[in-house]
file protein_28.tsv (TSV, C-alpha atoms)
chain	number	residue	atom	x	y	z
P	88	MET	CA	58.49	95.54	78.50
P	89	HIS	CA	55.48	94.71	80.61
P	90	ALA	CA	52.23	96.47	79.69
P	91	VAL	CA	48.51	96.24	80.32
P	92	GLN	CA	46.18	96.44	77.31
P	93	TYR	CA	42.77	95.50	75.95
P	94	SER	CA	41.98	94.17	72.49
P	95	ALA	CA	38.37	95.22	71.93
P	96	TYR	CA	35.65	97.49	73.24
P	97	GLY	CA	34.06	96.12	76.37
P	98	LYS	CA	33.63	96.80	80.03
P	99	GLY	CA	35.38	95.69	83.15
P	100	ALA	CA	38.79	94.96	84.54
P	101	ALA	CA	38.54	91.30	83.51
P	102	THR	CA	39.20	92.23	79.86
P	103	LEU	CA	42.59	93.79	80.64
P	104	GLN	CA	45.55	91.71	79.50
P	105	HIS	CA	49.07	91.62	80.94
P	106	VAL	CA	51.49	91.33	78.01
P	107	GLU	CA	55.15	91.65	77.05
P	108	VAL	CA	55.64	94.02	74.12
P	109	PRO	CA	58.65	95.79	72.55
P	110	ILE	CA	59.83	99.03	74.13
P	111	PRO	CA	58.60	101.86	71.87
P	112	ILE	CA	61.14	103.90	69.89
P	113	PRO	CA	60.83	107.70	70.12
P	114	LYS	CA	60.37	109.49	66.81
P	115	LYS	CA	61.25	113.06	65.93
P	116	GLY	CA	60.22	115.39	68.74
P	117	GLU	CA	59.45	112.50	71.10
P	118	VAL	CA	61.00	111.22	74.33
P	119	LEU	CA	61.10	107.70	75.75
P	120	VAL	CA	60.14	107.71	79.43
P	121	ARG	CA	60.62	104.99	82.01
P	122	VAL	CA	57.24	105.17	83.73
P	123	GLU	CA	57.28	105.40	87.53
P	124	ALA	CA	53.61	106.11	88.22
P	125	VAL	CA	50.32	106.34	86.31
P	126	GLY	CA	47.05	108.07	87.19
P	127	ILE	CA	43.82	106.15	86.46
P	128	ASN	CA	40.87	108.30	85.33
P	129	PRO	CA	37.20	107.56	84.56
P	130	ILE	CA	37.78	108.56	80.93
P	131	ASP	CA	40.10	105.54	80.62
P	132	TYR	CA	37.44	102.93	81.32
P	133	LYS	CA	34.81	104.95	79.44
P	134	ILE	CA	36.95	104.78	76.31
P	135	GLN	CA	37.28	101.04	76.84
P	136	GLY	CA	33.48	100.88	77.04
P	137	GLY	CA	33.15	102.53	73.64
P	138	MET	CA	32.23	106.10	74.61
P	139	LEU	CA	34.30	107.49	71.71
P	140	ARG	CA	33.76	104.60	69.32
P	141	PRO	CA	34.89	104.30	66.54
P	142	PHE	CA	37.42	107.14	66.76
P	143	VAL	CA	39.19	106.21	70.01
P	144	PRO	CA	41.22	104.10	70.46
P	145	LYS	CA	42.82	104.54	67.07
P	146	ARG	CA	43.67	100.85	66.96
P	147	PHE	CA	43.64	97.63	68.98
P	148	PRO	CA	45.24	96.32	71.06
P	149	HIS	CA	45.31	99.52	73.10
P	150	ILE	CA	47.45	100.37	76.14
P	151	PRO	CA	45.31	102.84	78.12
P	152	CYS	CA	46.00	105.80	80.43
P	153	SER	CA	47.61	109.14	79.67
P	154	ASP	CA	48.79	110.72	82.95
P	155	ILE	CA	52.31	109.63	83.91
P	156	ALA	CA	55.43	110.61	85.82
P	157	GLY	CA	58.82	109.08	85.19
P	158	GLU	CA	62.38	109.47	83.91
P	159	VAL	CA	63.68	110.34	80.46
P	160	VAL	CA	65.79	107.47	79.09
P	161	GLU	CA	66.06	108.23	75.36
P	162	LEU	CA	65.61	111.26	73.11
P	163	GLY	CA	64.17	111.33	69.64
P	164	TYR	CA	65.67	113.53	66.92
P	165	GLY	CA	65.32	117.26	67.56
P	166	VAL	CA	64.46	117.13	71.26
P	167	ALA	CA	66.20	120.08	72.91
P	168	LYS	CA	64.40	120.88	76.15
P	169	PHE	CA	65.10	117.62	77.98
P	170	LYS	CA	68.01	115.27	78.58
P	171	LYS	CA	68.45	111.70	79.76
P	172	GLY	CA	67.86	111.38	83.48
P	173	ASP	CA	65.35	114.23	83.72
P	174	LYS	CA	62.37	113.48	85.94
P	175	ILE	CA	59.19	114.54	84.22
P	176	VAL	CA	55.39	114.79	84.41
P	177	ALA	CA	53.50	114.18	81.17
P	178	MET	CA	50.18	113.76	79.44
P	179	LEU	CA	50.04	111.31	76.55
P	180	GLY	CA	46.48	112.13	75.52
P	181	SER	CA	43.51	109.86	76.13
P	182	ALA	CA	43.21	109.04	72.42
P	183	THR	CA	46.84	107.91	72.26
P	184	GLY	CA	47.18	106.29	75.67
P	185	GLY	CA	50.22	104.15	76.36
P	186	GLY	CA	50.73	104.98	80.02
P	187	LEU	CA	49.90	101.66	81.64
P	188	ALA	CA	53.32	100.17	80.86
P	189	GLU	CA	56.94	100.18	81.95
P	190	TYR	CA	57.90	102.61	79.16
P	191	ALA	CA	55.99	105.22	77.18
P	192	VAL	CA	56.73	107.64	74.35
P	193	VAL	CA	55.80	111.28	74.98
P	194	ARG	CA	55.77	114.32	72.70
P	195	GLU	CA	58.27	116.87	73.99
P	196	GLU	CA	55.65	119.62	74.17
P	197	MET	CA	53.41	117.53	76.41
P	198	MET	CA	55.81	117.15	79.35
P	199	VAL	CA	57.32	119.31	82.08
P	200	ARG	CA	60.08	118.75	84.61
P	201	LYS	CA	59.19	117.26	87.96
P	202	PRO	CA	60.73	119.02	90.97
P	203	TYR	CA	62.70	116.67	93.19
P	204	GLU	CA	60.58	117.73	96.18
P	205	ILE	CA	57.50	116.02	94.74
P	206	SER	CA	57.08	112.28	94.29
P	207	ALA	CA	56.13	110.60	91.02
P	208	ILE	CA	53.03	109.23	92.75
P	209	GLU	CA	51.81	112.76	93.54
P	210	CYS	CA	52.57	114.12	90.08
P	211	ALA	CA	51.01	111.24	88.17
P	212	GLY	CA	47.70	112.24	89.70
P	213	LEU	CA	47.75	115.72	88.17
P	214	GLY	CA	47.33	115.44	84.39
P	215	THR	CA	43.74	115.12	83.24
P	216	PRO	CA	41.86	115.83	86.51
P	217	ALA	CA	43.93	118.77	87.73
P	218	LEU	CA	44.00	120.37	84.26
P	219	THR	CA	40.23	119.88	84.07
P	220	ALA	CA	39.73	121.58	87.44
P	221	TYR	CA	42.07	124.42	86.50
P	222	GLN	CA	40.51	125.03	83.10
P	223	CYS	CA	36.99	124.91	84.59
P	224	LEU	CA	37.84	127.70	87.02
P	225	ILE	CA	39.56	129.82	84.37
P	226	THR	CA	36.60	129.32	82.00
P	227	ALA	CA	34.23	130.43	84.77
P	228	GLY	CA	36.25	133.60	85.31
P	229	VAL	CA	37.93	132.75	88.61
P	230	LYS	CA	41.31	134.44	89.00
P	231	LEU	CA	43.65	132.23	91.00
P	232	ASP	CA	45.93	135.02	92.25
P	233	LYS	CA	43.31	136.80	94.41
P	234	THR	CA	43.28	139.81	92.09
P	235	GLY	CA	39.72	139.24	90.89
P	236	PRO	CA	36.40	140.13	92.51
P	237	SER	CA	35.01	138.03	95.34
P	238	MET	CA	33.19	135.01	93.88
P	239	ASN	CA	30.99	132.28	95.26
P	240	VAL	CA	32.08	128.94	93.78
P	241	LEU	CA	30.30	125.59	93.92
P	242	VAL	CA	32.22	122.35	93.33
P	243	THR	CA	30.11	119.22	92.91
P	244	ALA	CA	31.51	115.75	93.70
P	245	ALA	CA	34.27	117.55	95.56
P	246	SER	CA	35.95	114.48	97.04
P	247	GLY	CA	36.75	112.92	93.66
P	248	GLY	CA	39.71	113.29	91.33
P	249	VAL	CA	38.70	116.54	89.63
P	250	GLY	CA	36.72	117.85	92.58
P	251	HIS	CA	39.48	117.64	95.18
P	252	TYR	CA	41.80	119.63	92.91
P	253	ALA	CA	39.04	122.13	92.09
P	254	VAL	CA	38.43	122.98	95.74
P	255	GLN	CA	42.13	123.60	96.38
P	256	LEU	CA	42.63	125.66	93.22
P	257	ALA	CA	39.49	127.71	93.80
P	258	LYS	CA	40.79	128.74	97.22
P	259	LEU	CA	43.83	130.30	95.53
P	260	GLY	CA	41.41	132.96	94.33
P	261	ASN	CA	39.23	135.45	96.17
P	262	THR	CA	36.48	132.90	96.65
P	263	HIS	CA	33.95	131.38	99.01
P	264	VAL	CA	33.73	127.68	98.14
P	265	THR	CA	30.72	125.47	98.68
P	266	ALA	CA	31.32	121.78	97.98
P	267	THR	CA	29.06	118.76	97.61
P	268	CYS	CA	30.08	115.29	98.79
P	269	GLY	CA	28.84	112.40	100.89
P	270	ALA	CA	28.61	112.87	104.66
P	271	ARG	CA	31.54	110.49	105.25
P	272	ASN	CA	33.84	112.75	103.19
P	273	ALA	CA	32.75	116.09	104.66
P	274	ALA	CA	35.77	116.47	106.97
P	275	PHE	CA	38.13	115.57	104.13
P	276	VAL	CA	36.66	118.14	101.74
P	277	ARG	CA	36.67	120.81	104.44
P	278	SER	CA	40.37	120.06	105.01
P	279	LEU	CA	40.99	120.94	101.36
P	280	GLY	CA	39.70	124.43	102.05
P	281	ALA	CA	35.95	124.29	101.38
P	282	ASP	CA	34.02	126.91	103.35
P	283	GLU	CA	30.68	125.09	103.26
P	284	ILE	CA	29.72	121.45	102.75
P	285	LEU	CA	26.55	120.08	101.22
P	286	ASP	CA	25.64	116.41	101.67
P	287	TYR	CA	24.44	115.47	98.20
P	288	LYS	CA	21.95	112.97	99.65
P	289	THR	CA	19.96	115.56	101.60
P	290	PRO	CA	17.13	117.65	100.08
P	291	GLU	CA	19.31	120.78	100.37
P	292	GLY	CA	22.22	118.97	98.77
P	293	LYS	CA	20.12	117.72	95.87
P	294	ALA	CA	18.86	121.27	95.35
P	295	LEU	CA	22.43	122.65	95.69
P	296	ILE	CA	21.22	125.26	98.17
P	297	SER	CA	24.11	127.03	99.89
P	298	PRO	CA	23.91	126.72	103.71
P	299	SER	CA	24.57	130.48	103.92
P	300	GLY	CA	22.06	131.32	101.19
P	301	ARG	CA	24.67	132.44	98.66
P	302	LYS	CA	24.11	132.39	94.92
P	303	TYR	CA	26.93	130.87	92.89
P	304	ASP	CA	28.97	132.89	90.42
P	305	ALA	CA	30.80	129.79	89.19
P	306	VAL	CA	30.08	126.06	89.34
P	307	VAL	CA	32.64	123.34	88.64
P	308	HIS	CA	30.25	120.50	87.84
P	309	CYS	CA	31.97	117.14	88.28
P	310	THR	CA	28.98	114.81	88.44
P	311	THR	CA	25.86	114.00	86.41
P	312	GLY	CA	22.10	114.02	86.86
P	313	VAL	CA	21.61	117.70	87.77
P	314	SER	CA	19.13	119.58	85.60
P	315	TRP	CA	19.55	123.15	84.38
P	316	SER	CA	16.43	124.12	86.33
P	317	THR	CA	18.24	123.13	89.55
P	318	PHE	CA	21.26	125.24	88.66
P	319	ASN	CA	19.13	128.15	87.47
P	320	LYS	CA	17.63	128.62	90.95
P	321	VAL	CA	21.00	128.86	92.71
P	322	LEU	CA	23.08	130.88	90.24
P	323	SER	CA	23.84	134.56	90.53
P	324	PRO	CA	22.51	136.73	87.64
P	325	THR	CA	25.74	136.10	85.69
P	326	GLY	CA	26.54	132.65	87.07
P	327	LYS	CA	28.35	130.09	84.93
P	328	VAL	CA	28.16	126.29	85.19
P	329	VAL	CA	31.17	124.55	83.65
P	330	ASP	CA	30.23	120.92	83.01
P	331	ILE	CA	33.03	118.35	82.64
P	332	THR	CA	30.73	115.51	81.51
P	333	PRO	CA	28.07	117.27	79.43
P	334	SER	CA	25.03	115.23	78.46
P	335	PRO	CA	23.09	115.85	75.23
P	336	SER	CA	20.58	117.94	77.22
P	337	ALA	CA	23.47	119.98	78.68
P	338	LEU	CA	24.83	120.62	75.18
P	339	ALA	CA	21.35	121.73	74.10
P	340	THR	CA	21.18	124.09	77.07
P	341	PHE	CA	24.60	125.47	76.16
P	342	ALA	CA	23.42	126.19	72.61
P	343	MET	CA	20.17	127.76	73.79
P	344	LYS	CA	21.96	130.04	76.26
P	345	LYS	CA	24.38	131.12	73.55
P	346	PHE	CA	21.57	131.76	71.08
P	347	THR	CA	19.54	133.84	73.54
P	348	CYS	CA	22.64	135.67	74.89
P	349	SER	CA	21.67	134.65	78.41
P	350	LYS	CA	23.84	136.03	81.18
P	351	LYS	CA	23.52	132.71	82.99
P	352	GLN	CA	25.49	130.11	81.09
P	353	LEU	CA	26.17	126.38	80.97
P	354	ILE	CA	29.54	125.73	79.36
P	355	PRO	CA	30.73	122.22	78.38
P	356	LEU	CA	34.44	121.77	79.04
P	357	PHE	CA	36.63	119.59	76.86
P	358	VAL	CA	40.01	119.63	78.56
P	359	SER	CA	42.95	120.84	76.51
P	360	SER	CA	46.37	119.30	77.15
P	361	LYS	CA	48.55	122.37	77.65
P	362	ALA	CA	52.08	122.08	79.01
P	363	GLU	CA	51.94	125.62	80.42
P	364	ASP	CA	48.87	124.70	82.47
P	365	LEU	CA	50.56	121.51	83.70
P	366	GLU	CA	53.65	123.54	84.59
P	367	PHE	CA	51.52	125.92	86.67
P	368	LEU	CA	49.97	123.00	88.55
P	369	VAL	CA	53.38	121.45	89.27
P	370	LYS	CA	54.56	124.87	90.50
P	371	MET	CA	51.56	125.10	92.85
P	372	MET	CA	52.36	121.62	94.14
P	373	LYS	CA	56.01	122.54	94.72
P	374	GLU	CA	54.87	125.61	96.67
P	375	LYS	CA	52.54	123.38	98.72
P	376	LYS	CA	49.46	125.22	97.49
P	377	LEU	CA	48.13	122.08	95.82
P	378	LYS	CA	48.34	118.41	96.70
P	379	THR	CA	47.31	115.07	95.30
P	380	VAL	CA	45.35	113.00	97.77
P	381	VAL	CA	45.87	109.32	96.94
P	382	ASP	CA	42.81	107.16	97.52
P	383	SER	CA	44.65	103.93	96.74
P	384	ARG	CA	47.85	102.72	95.12
P	385	TYR	CA	48.47	99.53	93.14
P	386	HIS	CA	51.45	97.96	91.40
P	387	LEU	CA	51.35	97.52	87.62
P	388	SER	CA	51.01	93.77	88.17
P	389	LYS	CA	47.67	94.50	89.88
P	390	ALA	CA	46.48	97.18	87.46
P	391	GLU	CA	43.16	95.43	86.98
P	392	ASN	CA	42.38	96.07	90.66
P	393	ALA	CA	42.99	99.79	90.16
P	394	TRP	CA	40.77	99.68	87.07
P	395	ALA	CA	37.97	97.98	89.00
P	396	LYS	CA	38.29	100.50	91.83
P	397	CYS	CA	37.92	103.37	89.34
P	398	ILE	CA	34.83	101.79	87.76
P	399	GLU	CA	33.34	101.23	91.21
P	400	GLY	CA	33.42	104.98	91.85
P	401	HIS	CA	33.51	106.93	95.13
P	402	ALA	CA	37.29	107.11	95.26
P	403	VAL	CA	38.46	109.87	97.60
P	404	GLY	CA	41.13	111.64	95.58
P	405	LYS	CA	43.21	109.72	93.04
P	406	ILE	CA	43.85	106.08	92.14
P	407	ILE	CA	47.51	105.56	91.22
P	408	VAL	CA	49.42	102.65	89.68
P	409	GLY	CA	53.12	102.42	90.54
P	410	VAL	CA	55.50	100.77	88.08

call {"tool": "encode", "arguments": {"input": "protein_28.tsv", "output": "structure tokens"}}
result
Amino acid sequence: MHAVQYSAYGKGAATLQHVEVPIPIPKKGEVLVRVEAVGINPIDYKIQGGMLRPFVPKRFPHIPCSDIAGEVVELGYGVAKFKKGDKIVAMLGSATGGGLAEYAVVREEMMVRKPYEISAIECAGLGTPALTAYQCLITAGVKLDKTGPSMNVLVTAASGGVGHYAVQLAKLGNTHVTATCGARNAAFVRSLGADEILDYKTPEGKALISPSGRKYDAVVHCTTGVSWSTFNKVLSPTGKVVDITPSPSALATFAMKKFTCSKKQLIPLFVSSKAEDLEFLVKMMKEKKLKTVVDSRYHLSKAENAWAKCIEGHAVGKIIVGV
């Protein structure tokens, strides 16, 4: 099968290699999937750059990417929930990878069925970023069925992969959503449901000051370079910041807030791959309450271009590779 891999830590799309490798064989509890689409995420190139060295990848050469959609073609021993021909959405796990190829092996418990109404391209975008957005909101106490109290929610970097899902999911709850993005993406983010827009380049945007003067009960923090002192000024008395890319200083703040039992909290999020969460997101997509906005789409033969686009940053929505 055709696959894209890299053989050492390093940076850049130029180090990706197009190779022919054997089709993997599913083991007990695993399923072989013919990959139809793959979502590219920043964590993929960060792992390549050595962010989790020496623990991830487990070995070289490494086929990256974990968020896929495709069709079941072979079952390993003991698989009972799926059959050949099923269309599925799956997460392979960033440490394992294997998605940037024509075929991939998936653990049965890490996949859910894809409704026929939704394309593989749309579903491949979900995985890591949509689960991150969902788990951020749940961690911050936002109820997505409108049964909870009214909450003011801030989403930073709202036009990106995680951010554009976070805005949509937050609006499923009883929320007022303020979102930060560049001026050129303001209309797009508002179309996702944001009630207020902050241009991150303006003084107000840098200070995260709500245009309506609201204090935030929950923050889905999808970018970097914002100090706790900035958040502290704009949080409600019990406000929570959930940080998806926590820096060492953020981790120190988290520990300090825990130690002092502060009502204002900074919480680092390390996304957990849960099939039940993925199933909820697919259900929301089927019901047209959630959508994947595709920034750009590439064929597997041009995967390095997708990789470079992801590294470049400023994608509006998701970067997808079709197989």

call {"tool": "residues_around", "arguments": {"input": "protein_28.tsv", "residues": "P:Lys396", "least_positions_apart": "2", "cutoff": "10 Å", "atoms": "all atoms listed in the file", "output": "number ranges by chain"}}
result
P: 100, 127, 382-383, 390-394, 398-402, 406

call {"tool": "closest_residue", "arguments": {"input": "protein_28.tsv", "among": "P:Thr265, P:Ser206, P:Thr310, P:Ser297", "to": "P:Val329", "atoms": "all atoms listed in the file"}}
result
P:Thr310

call {"tool": "residues_around", "arguments": {"input": "protein_28.tsv", "residues": "P:Val125", "least_positions_apart": "4", "cutoff": "7 Å", "atoms": "all atoms listed in the file", "output": "list in words"}}
result
Asp154, Ile155, Ala156, Gly186, Leu187, Ala211, Ile407, Val408 and Gly409 of chain P

call {"tool": "closest_residue", "arguments": {"input": "protein_28.tsv", "among": "P:Arg140, P:Arg194, P:Lys344, P:Lys405", "to": "P:Leu179", "atoms": "all atoms listed in the file"}}
result
P:Arg194

call {"tool": "residues_near_point", "arguments": {"input": "protein_28.tsv", "point": "(61.2, 94.0, 73.8)", "cutoff": "12 Å", "atoms": "all atoms listed in the file", "output": "PyMOL selection string"}}
result
chain P and resi 88-90+106-112+189-190

call {"tool": "atom_distance", "arguments": {"input": "protein_28.tsv", "atom1": "atom CA of P:Met372", "atom2": "atom CA of P:Tyr132"}}
result
27.1 Å

call {"tool": "residues_around", "arguments": {"input": "protein_28.tsv", "residues": "stretch 269-274 of chain P", "least_positions_apart": "2", "cutoff": "8 Å", "atoms": "only C-alpha atoms", "output": "MDAnalysis selection string"}}
result
chainID P and resid 246 267 276:278 284 286:288 403

call {"tool": "residues_around", "arguments": {"input": "protein_28.tsv", "residues": "P:Ser153", "least_positions_apart": "2", "cutoff": "9 Å", "atoms": "only C-alpha atoms", "output": "PyMOL selection string"}}
result
chain P and resi 125-128+131+151+155+177-187+214-215

call {"tool": "closest_residue", "arguments": {"input": "protein_28.tsv", "among": "P:Tyr93, P:Ala305, P:Glu374, P:Thr332", "to": "P:Pro144", "atoms": "all atoms listed in the file"}}
result
P:Tyr93

call {"tool": "closest_residue", "arguments": {"input": "protein_28.tsv", "among": "P:Pro129, P:Gly163, P:Gly326, P:Gly260", "to": "P:Lys230", "atoms": "only C-alpha atoms"}}
result
P:Gly260

call {"tool": "closest_residue", "arguments": {"input": "protein_28.tsv", "among": "P:Asn239, P:Ser360, P:Thr219, P:Thr226", "to": "P:Gly300", "atoms": "all atoms listed in the file"}}
result
P:Asn239

call {"tool": "atom_distance", "arguments": {"input": "protein_28.tsv", "atom1": "atom CA of P:Phe367", "atom2": "atom CA of P:Gln255"}}
result
13.7 Å

call {"tool": "atom_distance", "arguments": {"input": "protein_28.tsv", "atom1": "atom CA of P:Cys223", "atom2": "atom CA of P:Glu204"}}
result
27.2 Å

call {"tool": "residues_around", "arguments": {"input": "protein_28.tsv", "residues": "P:Leu338", "least_positions_apart": "6", "cutoff": "10 Å", "atoms": "all atoms listed in the file", "output": "ChimeraX atom specification"}}
result
/P:330,344,353-355
